[in-house]
Every structure is written in C-alpha cells, then in structure tokens.
file my_file.tsv (TSV, C-alpha atoms and all ligand atoms)
chain	number	residue	atom	x	y	z
A	142	MET	CA	22.36	23.55	-14.43
A	143	ASN	CA	19.99	25.30	-16.86
A	144	ILE	CA	17.16	23.47	-18.59
A	145	SER	CA	16.03	24.70	-22.03
A	146	ARG	CA	12.37	25.51	-22.69
A	147	ARG	CA	12.19	22.54	-25.06
A	148	GLY	CA	13.66	20.31	-22.39
A	149	ALA	CA	11.21	21.67	-19.87
A	150	PHE	CA	8.27	20.90	-22.18
A	151	LYS	CA	9.56	17.36	-22.63
A	152	VAL	CA	9.75	16.88	-18.90
A	153	ALA	CA	6.25	18.33	-18.47
A	154	ALA	CA	4.82	16.04	-21.17
A	155	PHE	CA	6.57	13.08	-19.64
A	156	GLY	CA	5.26	13.97	-16.22
A	157	THR	CA	1.71	14.16	-17.66
A	158	ALA	CA	2.12	10.65	-19.06
A	159	MET	CA	3.30	9.45	-15.66
A	160	VAL	CA	0.32	10.99	-13.91
A	161	ALA	CA	-2.03	9.40	-16.46
A	162	GLY	CA	-0.49	6.06	-15.69
A	163	ALA	CA	-0.88	6.65	-12.00
A	164	ARG	CA	-4.54	7.63	-12.41
A	165	LYS	CA	-5.28	4.35	-14.17
A	166	ALA	CA	-4.25	2.63	-10.98
A	167	GLU	CA	-6.44	4.73	-8.72
A	168	ALA	CA	-9.07	2.01	-8.60
A	169	ARG	CA	-6.63	-0.33	-6.85
A	170	GLU	CA	-8.55	-2.47	-4.39
A	171	LYS	CA	-7.92	-2.03	-0.70
A	172	LYS	CA	-6.07	-5.05	0.73
A	173	GLU	CA	-6.59	-6.85	4.01
A	174	ALA	CA	-3.80	-7.95	6.34
A	175	PRO	CA	-2.97	-11.66	5.86
A	176	ALA	CA	-4.67	-14.10	8.24
A	177	ASP	CA	-1.40	-14.82	10.06
A	178	ALA	CA	-0.43	-11.13	10.28
A	179	THR	CA	1.57	-10.01	13.28
A	180	GLY	CA	2.52	-6.48	14.23
A	181	MET	CA	3.45	-4.07	16.97
A	182	LEU	CA	1.48	-1.68	19.15
A	183	TYR	CA	3.36	1.33	20.54
A	184	ASP	CA	1.66	3.26	23.33
A	185	ALA	CA	3.30	6.68	23.65
A	186	THR	CA	1.65	7.22	27.06
A	187	MET	CA	3.67	4.29	28.50
A	188	CYS	CA	7.08	5.04	26.96
A	189	ILE	CA	9.72	6.54	29.29
A	190	GLY	CA	12.31	7.18	26.57
A	191	CYS	CA	14.91	4.80	28.03
A	192	LYS	CA	15.98	3.77	24.49
A	193	ALA	CA	16.58	0.16	25.53
A	194	CYS	CA	14.69	-0.73	22.36
A	195	VAL	CA	17.13	1.28	20.24
A	196	ALA	CA	20.15	-0.55	21.70
A	197	ALA	CA	18.41	-3.93	21.39
A	198	CYS	CA	17.54	-3.26	17.75
A	199	ARG	CA	21.17	-2.41	17.03
A	200	ARG	CA	22.41	-5.60	18.69
A	201	ALA	CA	19.83	-7.83	17.02
A	202	ASN	CA	20.61	-6.48	13.57
A	203	ASP	CA	24.41	-6.10	13.89
A	204	LEU	CA	24.23	-2.37	13.25
A	205	GLU	CA	27.06	0.03	14.09
A	206	PHE	CA	26.82	2.71	16.78
A	207	GLU	CA	26.13	6.28	15.77
A	208	LYS	CA	27.96	9.02	17.61
A	209	HIS	CA	26.86	12.63	17.21
A	210	SER	CA	27.94	14.08	20.55
A	211	ARG	CA	29.98	12.94	23.55
A	212	LEU	CA	27.46	10.20	24.19
A	213	TYR	CA	28.49	6.75	23.04
A	214	ASP	CA	25.46	6.05	20.86
A	215	ASP	CA	23.04	8.87	20.09
A	216	PRO	CA	21.38	8.50	16.69
A	217	ILE	CA	19.37	11.54	15.62
A	218	ASP	CA	17.32	9.92	12.86
A	219	LEU	CA	16.70	6.67	11.04
A	220	THR	CA	19.71	5.71	8.92
A	221	ALA	CA	21.18	2.56	7.39
A	222	ASN	CA	22.62	1.89	10.87
A	223	THR	CA	19.52	2.84	12.87
A	224	CYS	CA	16.31	0.94	12.08
A	225	ASN	CA	14.55	2.05	15.26
A	226	ILE	CA	14.68	5.41	17.01
A	227	ILE	CA	13.01	7.13	19.94
A	228	LYS	CA	12.33	10.85	19.43
A	229	PHE	CA	11.01	13.46	21.82
A	230	TYR	CA	8.33	16.08	21.29
A	231	GLU	CA	7.57	18.94	23.64
A	232	ASN	CA	5.92	22.34	23.73
A	233	GLU	CA	5.14	24.70	26.60
A	234	SER	CA	2.63	22.40	28.29
A	235	GLU	CA	3.09	18.83	27.06
A	236	SER	CA	5.63	16.28	25.90
A	237	SER	CA	5.79	12.77	24.49
A	238	PHE	CA	8.24	10.19	23.22
A	239	ILE	CA	7.66	8.56	19.86
A	240	LYS	CA	9.17	5.38	18.39
A	241	GLN	CA	9.86	5.29	14.67
A	242	GLN	CA	10.56	2.26	12.48
A	243	CYS	CA	9.03	0.65	9.39
A	244	MET	CA	5.23	0.59	9.63
A	245	HIS	CA	4.90	-2.74	7.76
A	246	CYS	CA	2.11	-1.39	5.58
A	247	ILE	CA	-0.65	-3.79	4.57
A	248	ASP	CA	-0.19	-2.63	0.96
A	249	PRO	CA	3.43	-1.38	0.98
A	250	ALA	CA	4.48	1.32	-1.47
A	251	CYS	CA	8.12	0.25	-1.19
A	252	ALA	CA	7.36	-3.26	-2.50
A	253	ALA	CA	5.16	-1.87	-5.29
A	254	ALA	CA	7.93	0.49	-6.35
A	255	CYS	CA	10.78	-2.05	-6.22
A	256	MET	CA	11.29	-3.35	-9.77
A	257	MET	CA	13.83	-5.95	-8.54
A	258	GLY	CA	11.62	-7.64	-5.96
A	259	SER	CA	14.04	-6.75	-3.19
A	260	PHE	CA	11.20	-5.40	-1.03
A	261	GLN	CA	8.44	-7.96	-0.46
A	262	LYS	CA	5.56	-8.57	1.86
A	263	ARG	CA	6.18	-11.99	3.33
A	264	GLN	CA	5.53	-14.30	6.27
A	265	ASN	CA	3.14	-12.72	8.82
A	266	GLY	CA	2.70	-9.79	6.44
A	267	ILE	CA	6.12	-8.45	7.41
A	268	VAL	CA	7.81	-6.34	4.74
A	269	THR	CA	11.39	-7.48	4.15
A	270	TRP	CA	14.22	-6.61	1.76
A	271	LYS	CA	16.94	-8.69	0.12
A	272	PRO	CA	20.24	-6.85	-0.28
A	273	ASP	CA	21.43	-9.17	-3.06
A	274	ARG	CA	18.54	-8.03	-5.25
A	275	CYS	CA	18.85	-4.31	-4.52
A	276	ILE	CA	20.42	-2.16	-7.26
A	277	GLY	CA	20.32	1.02	-5.16
A	278	CYS	CA	17.81	2.88	-7.37
A	279	ARG	CA	16.06	4.18	-4.22
A	280	TYR	CA	12.56	4.00	-5.73
A	281	CYS	CA	11.45	2.43	-2.44
A	282	GLN	CA	12.75	5.42	-0.50
A	283	VAL	CA	10.87	8.02	-2.49
A	284	ALA	CA	7.71	5.88	-2.65
A	285	CYS	CA	7.49	5.26	1.11
A	286	PRO	CA	5.05	7.75	2.66
A	287	PHE	CA	6.94	7.51	5.96
A	288	SER	CA	10.45	8.01	4.54
A	289	ILE	CA	11.67	4.77	6.12
A	290	PRO	CA	14.15	2.88	3.86
A	291	LYS	CA	17.67	4.29	4.13
A	292	PHE	CA	20.60	3.97	1.74
A	293	GLU	CA	23.95	2.50	2.81
A	294	TRP	CA	26.04	5.49	1.76
A	295	ASP	CA	29.19	4.10	3.39
A	296	SER	CA	29.10	0.70	1.69
A	297	ALA	CA	30.97	-0.32	-1.46
A	298	THR	CA	27.95	-2.48	-2.35
A	299	PRO	CA	25.09	-0.34	-0.98
A	300	ALA	CA	21.52	-1.52	-0.49
A	301	MET	CA	18.47	-0.14	1.26
A	302	VAL	CA	17.96	-0.89	4.97
A	303	LYS	CA	14.95	-0.83	7.28
A	304	CYS	CA	13.28	-2.72	10.15
A	305	GLN	CA	12.24	-6.25	9.15
A	306	MET	CA	10.51	-7.00	12.45
A	307	CYS	CA	13.67	-8.90	13.43
A	308	LEU	CA	12.95	-11.57	10.83
A	309	ALA	CA	16.17	-13.59	11.03
A	310	LYS	CA	17.83	-14.56	7.74
A	311	ALA	CA	15.32	-12.44	5.87
A	312	GLY	CA	18.07	-11.18	3.61
A	313	THR	CA	19.15	-14.64	2.45
A	314	THR	CA	16.20	-17.04	2.50
A	315	ASP	CA	12.75	-17.12	1.00
A	316	GLU	CA	11.06	-18.23	4.18
A	317	GLY	CA	12.52	-16.14	6.97
A	318	GLN	CA	11.78	-16.74	10.60
A	319	LEU	CA	11.54	-14.77	13.78
A	320	ASN	CA	14.63	-14.60	15.95
A	321	GLU	CA	15.35	-17.12	18.71
A	322	VAL	CA	13.11	-15.46	21.29
A	323	GLY	CA	10.10	-15.53	18.98
A	324	GLN	CA	9.52	-11.79	19.07
A	325	PRO	CA	11.35	-8.63	18.03
A	326	ALA	CA	14.27	-7.43	20.14
A	327	CYS	CA	12.65	-4.05	20.83
A	328	THR	CA	9.46	-5.52	22.30
A	329	GLU	CA	11.41	-8.11	24.27
A	330	VAL	CA	13.48	-5.54	26.18
A	331	CYS	CA	10.93	-2.76	26.72
A	332	PRO	CA	10.66	-2.40	30.53
A	333	ARG	CA	7.26	-0.71	30.34
A	334	LYS	CA	5.70	-2.85	27.60
A	335	ALA	CA	5.18	0.43	25.82
A	336	VAL	CA	5.75	-1.51	22.61
A	337	ILE	CA	4.29	-5.00	22.30
A	338	TYR	CA	4.29	-7.62	19.56
A	339	GLY	CA	1.57	-10.09	18.64
A	340	PRO	CA	-1.19	-11.14	16.24
A	341	TYR	CA	-2.44	-8.10	14.36
A	342	GLU	CA	-6.11	-8.63	15.18
A	343	GLU	CA	-5.31	-8.89	18.90
A	344	LEU	CA	-3.26	-5.69	18.79
A	345	LYS	CA	-6.11	-3.84	17.11
A	346	ALA	CA	-8.54	-5.03	19.77
A	347	GLU	CA	-6.10	-4.12	22.55
A	348	ALA	CA	-5.61	-0.60	21.19
A	349	LEU	CA	-9.35	-0.01	20.93
A	350	ARG	CA	-9.89	-1.46	24.40
A	351	ARG	CA	-7.36	0.93	25.95
A	352	ILE	CA	-9.08	3.91	24.36
A	353	ALA	CA	-12.56	2.74	25.39
A	354	GLU	CA	-11.49	2.16	29.00
A	355	ASN	CA	-9.39	5.34	29.28
A	356	PRO	CA	-11.04	8.04	27.17
A	357	ASP	CA	-9.37	10.82	29.17
A	358	ARG	CA	-5.92	9.34	28.67
A	359	TYR	CA	-5.86	8.73	24.91
A	360	GLU	CA	-6.69	10.52	21.68
A	361	ASP	CA	-9.65	8.67	20.17
A	362	HIS	CA	-7.60	7.44	17.22
A	363	VAL	CA	-5.46	4.34	16.59
A	364	TYR	CA	-2.87	5.42	14.04
A	365	GLY	CA	-2.40	2.70	11.42
A	366	LEU	CA	-5.90	1.24	11.48
A	367	GLU	CA	-6.85	3.19	8.37
A	368	GLU	CA	-3.84	5.27	7.28
A	369	VAL	CA	-2.58	4.38	3.78
A	370	GLY	CA	-4.83	1.32	3.76
A	371	GLY	CA	-3.62	0.13	7.18
A	372	THR	CA	-0.27	-0.61	8.76
A	373	GLN	CA	0.79	-3.54	10.92
A	374	VAL	CA	2.49	-1.18	13.37
A	375	LEU	CA	-0.14	0.68	15.39
A	376	TYR	CA	0.15	3.74	17.62
A	377	LEU	CA	-1.65	5.29	20.58
A	378	THR	CA	-1.00	8.84	21.73
A	379	ALA	CA	-1.90	10.88	24.80
A	380	LYS	CA	-5.02	13.01	24.88
A	381	GLY	CA	-4.26	16.44	23.46
A	382	ILE	CA	-1.16	15.37	21.50
A	383	PRO	CA	-2.20	14.57	17.92
A	384	PHE	CA	-0.10	12.13	15.91
A	385	SER	CA	0.90	14.87	13.49
A	386	LYS	CA	2.86	16.50	16.35
A	387	LEU	CA	4.78	13.25	16.81
A	388	GLY	CA	5.91	13.01	13.20
A	389	LEU	CA	3.16	10.68	11.99
A	390	PRO	CA	1.64	12.41	8.95
A	391	GLU	CA	-2.02	12.80	8.02
A	392	LEU	CA	-2.02	10.62	4.91
A	393	GLY	CA	-5.61	9.57	4.34
A	394	THR	CA	-6.89	6.04	3.94
A	395	GLU	CA	-5.96	5.26	0.33
A	396	PRO	CA	-3.06	2.81	-0.15
A	397	VAL	CA	-0.06	4.65	-1.59
A	398	PRO	CA	0.95	1.85	-4.04
A	399	ALA	CA	-1.59	3.10	-6.58
A	400	LEU	CA	1.02	5.67	-7.53
A	401	PRO	CA	4.18	3.58	-8.01
A	402	VAL	CA	2.30	0.70	-9.68
A	403	GLY	CA	0.71	3.07	-12.17
A	404	LEU	CA	4.07	4.65	-12.85
A	405	GLN	CA	5.80	1.32	-13.36
A	406	HIS	CA	3.18	0.16	-15.86
A	407	THR	CA	3.61	3.37	-17.80
A	408	ILE	CA	7.38	3.22	-17.67
A	409	TYR	CA	7.70	-0.35	-18.88
A	410	LYS	CA	5.09	0.10	-21.58
A	411	GLY	CA	7.24	2.78	-23.17
A	412	PHE	CA	10.57	1.04	-22.46
A	413	ILE	CA	11.85	4.18	-20.83
A	414	ALA	CA	14.95	3.72	-18.69
A	415	PRO	CA	13.84	3.86	-15.05
A	416	VAL	CA	16.66	6.21	-14.11
A	417	ALA	CA	15.24	8.87	-16.44
A	418	VAL	CA	12.00	9.05	-14.47
A	419	TYR	CA	13.50	8.98	-11.03
A	420	GLY	CA	13.10	12.72	-10.68
A	421	VAL	CA	9.51	12.64	-11.90
A	422	ILE	CA	8.58	9.96	-9.38
A	423	ALA	CA	10.30	11.95	-6.66
A	424	GLY	CA	8.22	14.98	-7.58
A	425	LEU	CA	4.96	13.07	-7.55
A	426	VAL	CA	5.56	11.60	-4.12
A	427	TRP	CA	7.01	14.87	-2.83
A	428	ARG	CA	3.66	16.06	-1.56
A	429	SER	CA	3.13	13.15	0.82
A	430	ARG	CA	6.78	13.25	1.89
A	431	ARG	CA	6.47	16.97	2.64
A	432	GLN	CA	3.62	16.22	5.01
A	433	TYR	CA	5.82	13.72	6.79
A	434	ASP	CA	8.80	16.08	7.07
A	435	LYS	CA	6.62	19.01	8.17
A	436	ALA	CA	5.05	16.89	10.88
A	437	GLY	CA	8.49	15.76	12.03
A	438	GLU	CA	10.01	19.24	12.27
A	439	GLU	CA	8.85	19.67	15.81
A	440	VAL	CA	10.08	16.25	16.89
A	441	GLY	CA	13.70	15.74	17.91
A	442	ALA	CA	15.71	12.60	18.78
A	501	LIG	S1	6.57	2.14	6.03
A	501	LIG	FE1	7.60	2.46	4.06
A	501	LIG	S2	9.26	0.93	4.05
A	501	LIG	FE2	7.79	0.29	5.64
A	501	LIG	S3	6.36	-1.13	4.58
A	501	LIG	FE3	5.43	0.94	4.48
A	501	LIG	S4	6.14	1.73	2.50
A	501	LIG	FE4	7.49	0.00	3.00
A	502	LIG	S1	11.30	-5.16	15.17
A	502	LIG	FE1	13.54	-5.58	15.28
A	502	LIG	S2	14.38	-4.46	13.51
A	502	LIG	FE2	12.31	-3.62	13.90
A	502	LIG	S3	12.59	-1.87	15.27
A	502	LIG	FE3	12.20	-3.65	16.58
A	502	LIG	S4	14.24	-4.46	17.10
A	502	LIG	FE4	14.49	-3.11	15.32
A	503	LIG	S1	12.36	0.38	25.53
A	503	LIG	FE1	10.14	0.84	25.76
A	503	LIG	S2	10.04	2.49	27.29
A	503	LIG	FE2	12.18	2.38	26.61
A	503	LIG	S3	12.28	3.88	24.93
A	503	LIG	FE3	11.83	1.89	23.96
A	503	LIG	S4	9.58	1.82	23.81
A	503	LIG	FE4	10.09	3.46	25.27
call {"tool": "encode", "arguments": {"input": "my_file.tsv", "output": "structure tokens"}}
result
Amino acid sequence: MNISRRGAFKVAAFGTAMVAGARKAEAREKKEAPADATGMLYDATMCIGCKACVAACRRANDLEFEKHSRLYDDPIDLTANTCNIIKFYENESESSFIKQQCMHCIDPACAAACMMGSFQKRQNGIVTWKPDRCIGCRYCQVACPFSIPKFEWDSATPAMVKCQMCLAKAGTTDEGQLNEVGQPACTEVCPRKAVIYGPYEELKAEALRRIAENPDRYEDHVYGLEEVGGTQVLYLTAKGIPFSKLGLPELGTEPVPALPVGLQHTIYKGFIAPVAVYGVIAGLVWRSRRQYDKAGEEVGA
C-alpha cells in the first residue's frame, strides 16, 4: 500500500502530537509496591529445566497443550495457551534456563494502556485481566515492555491472556483470590524451589541475601528491583550470564506507563478514534520492544 506525501505529513504531525502528550507525562511519580504485595523470585542457578512449572501452569489455568514436534506438549513461546515458559540459553562455555511469565510490574504499562479497564493492578499488587471487558484492541500488548499479553487468535470472542499469579476467579470477580493451595501452581510444583512465592519485601531480602552470601555464584544484580520502576517478579542469574542474554531487556528504571498515559490523554482530548493511532503507539513503543526481542534472539524454548 502506498502512502501519499500529504498522508505522510499528516501521520508525522499526528505522531508529533502524540509524543508531546507523552512528554507531558514524563514527570509521572514512581510508585511503590502495595503493602500487601506478593511476588515470585526465580533463581536461574537452581532451575534444572524440568518444565514441571509449565505443565502445572497449564493445568491450573485450563490451557490447551501446544504441539510443535513429536513431543506431546512443547510450547516454543508465550501464547494465549502458554502463560509460563522455560527457555534455554547457551553459548560455547555456559548455559542457563530462564522462566518467562508476566512480571507483575509495580506500575504496569498494560493497565495504563487499557482504555476498558480490563487490565488492572489488584489484590497483592497482582496485575489481572477481565476477558468480558476486553475489546481486543491490543494496546496492552504493544505497551508491555516485556511483550507478555497474548491475543486469542483462535477464539470467536478473543481477549488478551497472561499470567495472573494463579488468582482464581480473577476474570469474573472484583476481589479475586489465590487458588486452593494458597500459592501459584508453578511455585508449588517446582522440585528445586528455583521459583518461590511470598511477600514481596521478603523476596527482595532473600534475593539480596543470596547474592551477598554467594558473590561468586551470582551476578550482582536482582532483575526487577529497579527495572521499569520495579516488578513483583524478581530474577537472579549466574555469574557471567547477564540478564540480557536470557531475554530480559535493559530497560532503565523509569516506569513505562508515562508513555501510554500521555498518549491516552492526548487521544481523548482530541476525540480521535483509538484505532487510528494504534500504529503510532506501536511505533513509539517499538524501541523498547526491539530491545526485548533482540535480547531474546539467543534464547530458545
Ligand atoms: S509485564 Fe507486561 S503484562 Fe505484565 S504487568 Fe508488566 S506491563 Fe503488564
Ligand atoms: S503464577 Fe500461575 S499463571 Fe503465573 S506462571 Fe505461575 S502457574 Fe502460571
Ligand atoms: S519446575 Fe522449577 S526447576 Fe523445573 S523448570 Fe520450572 S522453575 Fe525450573
């Protein structure tokens, strides 16, 4: 499809207006995790890649198997049927597993971008979604710096899907509650306790303690303490294997929602149909997404 010069100028002018709106929101205050925040700590040095957590996640969330080879269930990436995946990184001298799911950001870009209130930060600071409110615009997907929400392409009434920390009934009630065992399925089944669940402050202290007591074992960095304003899922990695090699991008410490909130204010002020700016939003978040994809190129499922 060709775009005329006039059309191109219009798009450029519109994009400038969007950026101006985003800049107004740059002063957005950094948020703290709620007092009752819970989260997960994944220690890549303890994970053996058994994928028990992947199977447990599928069972707990009634998700269908994914078959890409002769194996019965071998997802290769996060999809609407896979909210949790274990990938593998290796080079000539080192290797590591890495677990990927929603990071439950302290200031989530997906919730800021969702004009329908489908994505919300709720009990324990967990970020949930309500399928009955989702109109499938996919703003949340392009806004998320980790490329987490996935679209139900196979559904007649599609919505976006992602990990909700196993918050039972999250799609249908305002309260939500943890599942019967009181913790997520993936942490419950992990035979090595490579991924654990608990109060956020305790997980932060535990991560820092492991690094302090084992400086030769770990990189001196807890991923999620500062990235994009903080995430309630935290990561530790082995010494010599930076997070960027494991598909976790270098995103800086500023919360990402400054961008979608600024854009939304600009959009609604001018009564411009949201669908018309979808491409502009996608372009503006492309840079952070590119970092994520580039970092993930070396990581396979
Ligand atoms: S990782 Fe993405 S989907 Fe999850 S809370 Fe953060 S912005 Fe939302
Ligand atoms: S918390 Fe629940 S939904 Fe999220 S990755 Fe673990 S098992 Fe899956
Ligand atoms: S269950 Fe635990 S050890 Fe097994 S792949 Fe998942 S996180 Fe790693």
call {"tool": "residues_near_ligand", "arguments": {"input": "my_file.tsv", "ligand": "ligand LIG 503 (chain A)", "cutoff": "12 Å", "atoms": "all atoms listed in the file", "output": "VMD selection string"}}
result
chain A and resid 181 to 198 225 to 229 237 to 242 325 to 338 376 442
call {"tool": "closest_residue", "arguments": {"input": "my_file.tsv", "among": "A:Ala221, A:Met256, A:Leu366, A:Ala174", "to": "ligand LIG 502 (chain A)", "atoms": "all atoms listed in the file"}}
result
A:Ala221
call {"tool": "residues_near_ligand", "arguments": {"input": "my_file.tsv", "ligand": "ligand LIG 501 (chain A)", "cutoff": "6 Å", "atoms": "all atoms listed in the file", "output": "CSV table (one decimal) with C-alpha atoms, keeping the file's coordinate frame"}}
result
chain,number,residue,atom,x,y,z
A,243,CYS,CA,9.0,0.6,9.4
A,244,MET,CA,5.2,0.6,9.6
A,245,HIS,CA,4.9,-2.7,7.8
A,246,CYS,CA,2.1,-1.4,5.6
A,249,PRO,CA,3.4,-1.4,1.0
A,250,ALA,CA,4.5,1.3,-1.5
A,251,CYS,CA,8.1,0.2,-1.2
A,268,VAL,CA,7.8,-6.3,4.7
A,285,CYS,CA,7.5,5.3,1.1
A,287,PHE,CA,6.9,7.5,6.0
A,289,ILE,CA,11.7,4.8,6.1
A,290,PRO,CA,14.2,2.9,3.9
call {"tool": "closest_residue", "arguments": {"input": "my_file.tsv", "among": "A:Thr394, A:Thr298, A:Ser234, A:Thr223", "to": "ligand LIG 502 (chain A)", "atoms": "all atoms listed in the file"}}
result
A:Thr223
call {"tool": "atom_distance", "arguments": {"input": "my_file.tsv", "atom1": "atom CA of A:Glu170", "atom2": "atom CA of A:Asp248"}}
result
9.9 Å
call {"tool": "closest_residue", "arguments": {"input": "my_file.tsv", "among": "A:Lys303, A:Lys291, A:Arg279, A:Lys171", "to": "ligand LIG 502 (chain A)", "atoms": "only C-alpha atoms and all ligand atoms"}}
result
A:Lys303
call {"tool": "closest_residue", "arguments": {"input": "my_file.tsv", "among": "A:Asp218, A:Glu391, A:Glu231, A:Glu367", "to": "A:Glu173", "atoms": "all atoms listed in the file"}}
result
A:Glu367
call {"tool": "decode", "arguments": {"input": "my_file.tsv", "residues": "stretch 227-248 of chain A", "atoms": "N, CA, C and O atoms", "output": "mmCIF file, in the first residue's frame"}}
result
data_model
loop_
_atom_site.group_PDB
_atom_site.id
_atom_site.type_symbol
_atom_site.label_atom_id
_atom_site.label_comp_id
_atom_site.auth_asym_id
_atom_site.auth_seq_id
_atom_site.Cartn_x
_atom_site.Cartn_y
_atom_site.Cartn_z
ATOM 1 N N ILE A 227 9.630 -22.141 29.991
ATOM 2 C CA ILE A 227 11.046 -22.258 30.339
ATOM 3 C C ILE A 227 11.831 -22.275 29.031
ATOM 4 O O ILE A 227 11.580 -23.114 28.155
ATOM 5 N N LYS A 228 12.782 -21.350 28.897
ATOM 6 C CA LYS A 228 13.643 -21.316 27.709
ATOM 7 C C LYS A 228 15.074 -21.650 28.118
ATOM 8 O O LYS A 228 15.406 -21.675 29.306
ATOM 9 N N PHE A 229 15.884 -21.885 27.101
ATOM 10 C CA PHE A 229 17.262 -22.321 27.350
ATOM 11 C C PHE A 229 18.221 -21.444 26.572
ATOM 12 O O PHE A 229 18.028 -21.196 25.380
ATOM 13 N N TYR A 230 19.252 -20.980 27.274
ATOM 14 C CA TYR A 230 20.296 -20.184 26.624
ATOM 15 C C TYR A 230 21.620 -20.927 26.735
ATOM 16 O O TYR A 230 21.950 -21.489 27.794
ATOM 17 N N GLU A 231 22.394 -20.931 25.665
ATOM 18 C CA GLU A 231 23.740 -21.492 25.761
ATOM 19 C C GLU A 231 24.659 -20.849 24.733
ATOM 20 O O GLU A 231 24.225 -20.393 23.682
ATOM 21 N N ASN A 232 25.935 -20.768 25.095
ATOM 22 C CA ASN A 232 26.973 -20.444 24.117
ATOM 23 C C ASN A 232 28.090 -21.468 24.305
ATOM 24 O O ASN A 232 27.869 -22.509 24.924
ATOM 25 N N GLU A 233 29.274 -21.175 23.817
ATOM 26 C CA GLU A 233 30.349 -22.174 23.838
ATOM 27 C C GLU A 233 30.689 -22.641 25.255
ATOM 28 O O GLU A 233 31.045 -23.792 25.472
ATOM 29 N N SER A 234 30.592 -21.749 26.234
ATOM 30 C CA SER A 234 31.114 -22.075 27.558
ATOM 31 C C SER A 234 30.099 -22.061 28.688
ATOM 32 O O SER A 234 30.412 -22.441 29.810
ATOM 33 N N GLU A 235 28.873 -21.620 28.433
ATOM 34 C CA GLU A 235 27.921 -21.502 29.542
ATOM 35 C C GLU A 235 26.491 -21.715 29.063
ATOM 36 O O GLU A 235 26.198 -21.603 27.865
ATOM 37 N N SER A 236 25.611 -22.012 30.005
ATOM 38 C CA SER A 236 24.203 -22.215 29.659
ATOM 39 C C SER A 236 23.337 -21.885 30.871
ATOM 40 O O SER A 236 23.808 -21.876 32.009
ATOM 41 N N SER A 237 22.071 -21.628 30.601
ATOM 42 C CA SER A 237 21.141 -21.304 31.687
ATOM 43 C C SER A 237 19.713 -21.494 31.200
ATOM 44 O O SER A 237 19.411 -21.267 30.032
ATOM 45 N N PHE A 238 18.839 -21.905 32.117
ATOM 46 C CA PHE A 238 17.407 -21.875 31.841
ATOM 47 C C PHE A 238 16.868 -20.519 32.269
ATOM 48 O O PHE A 238 17.471 -19.821 33.096
ATOM 49 N N ILE A 239 15.719 -20.166 31.724
ATOM 50 C CA ILE A 239 15.083 -18.910 32.119
ATOM 51 C C ILE A 239 13.568 -19.084 32.030
ATOM 52 O O ILE A 239 13.059 -19.614 31.049
ATOM 53 N N LYS A 240 12.877 -18.681 33.076
ATOM 54 C CA LYS A 240 11.411 -18.767 33.141
ATOM 55 C C LYS A 240 10.822 -17.426 32.715
ATOM 56 O O LYS A 240 11.288 -16.378 33.156
ATOM 57 N N GLN A 241 9.818 -17.474 31.877
ATOM 58 C CA GLN A 241 9.176 -16.231 31.446
ATOM 59 C C GLN A 241 7.678 -16.285 31.728
ATOM 60 O O GLN A 241 7.017 -17.280 31.416
ATOM 61 N N GLN A 242 7.177 -15.229 32.315
ATOM 62 C CA GLN A 242 5.743 -15.015 32.522
ATOM 63 C C GLN A 242 5.552 -13.527 32.801
ATOM 64 O O GLN A 242 6.520 -12.781 32.737
ATOM 65 N N CYS A 243 4.328 -13.104 33.079
ATOM 66 C CA CYS A 243 4.108 -11.692 33.403
ATOM 67 C C CYS A 243 4.974 -11.286 34.592
ATOM 68 O O CYS A 243 5.138 -12.051 35.544
ATOM 69 N N MET A 244 5.523 -10.075 34.533
ATOM 70 C CA MET A 244 6.413 -9.582 35.585
ATOM 71 C C MET A 244 5.645 -8.903 36.723
ATOM 72 O O MET A 244 6.223 -8.536 37.723
ATOM 73 N N HIS A 245 4.352 -8.697 36.555
ATOM 74 C CA HIS A 245 3.534 -8.013 37.569
ATOM 75 C C HIS A 245 4.214 -6.715 38.012
ATOM 76 O O HIS A 245 4.585 -6.540 39.186
ATOM 77 N N CYS A 246 4.340 -5.840 37.033
ATOM 78 C CA CYS A 246 5.022 -4.548 37.239
ATOM 79 C C CYS A 246 4.339 -3.742 38.343
ATOM 80 O O CYS A 246 3.108 -3.760 38.479
ATOM 81 N N ILE A 247 5.137 -3.009 39.098
ATOM 82 C CA ILE A 247 4.583 -2.155 40.154
ATOM 83 C C ILE A 247 3.728 -1.040 39.540
ATOM 84 O O ILE A 247 2.700 -0.661 40.079
ATOM 85 N N ASP A 248 4.129 -0.547 38.397
ATOM 86 C CA ASP A 248 3.354 0.471 37.671
ATOM 87 C C ASP A 248 3.154 -0.056 36.247
ATOM 88 O O ASP A 248 3.901 0.285 35.334
#
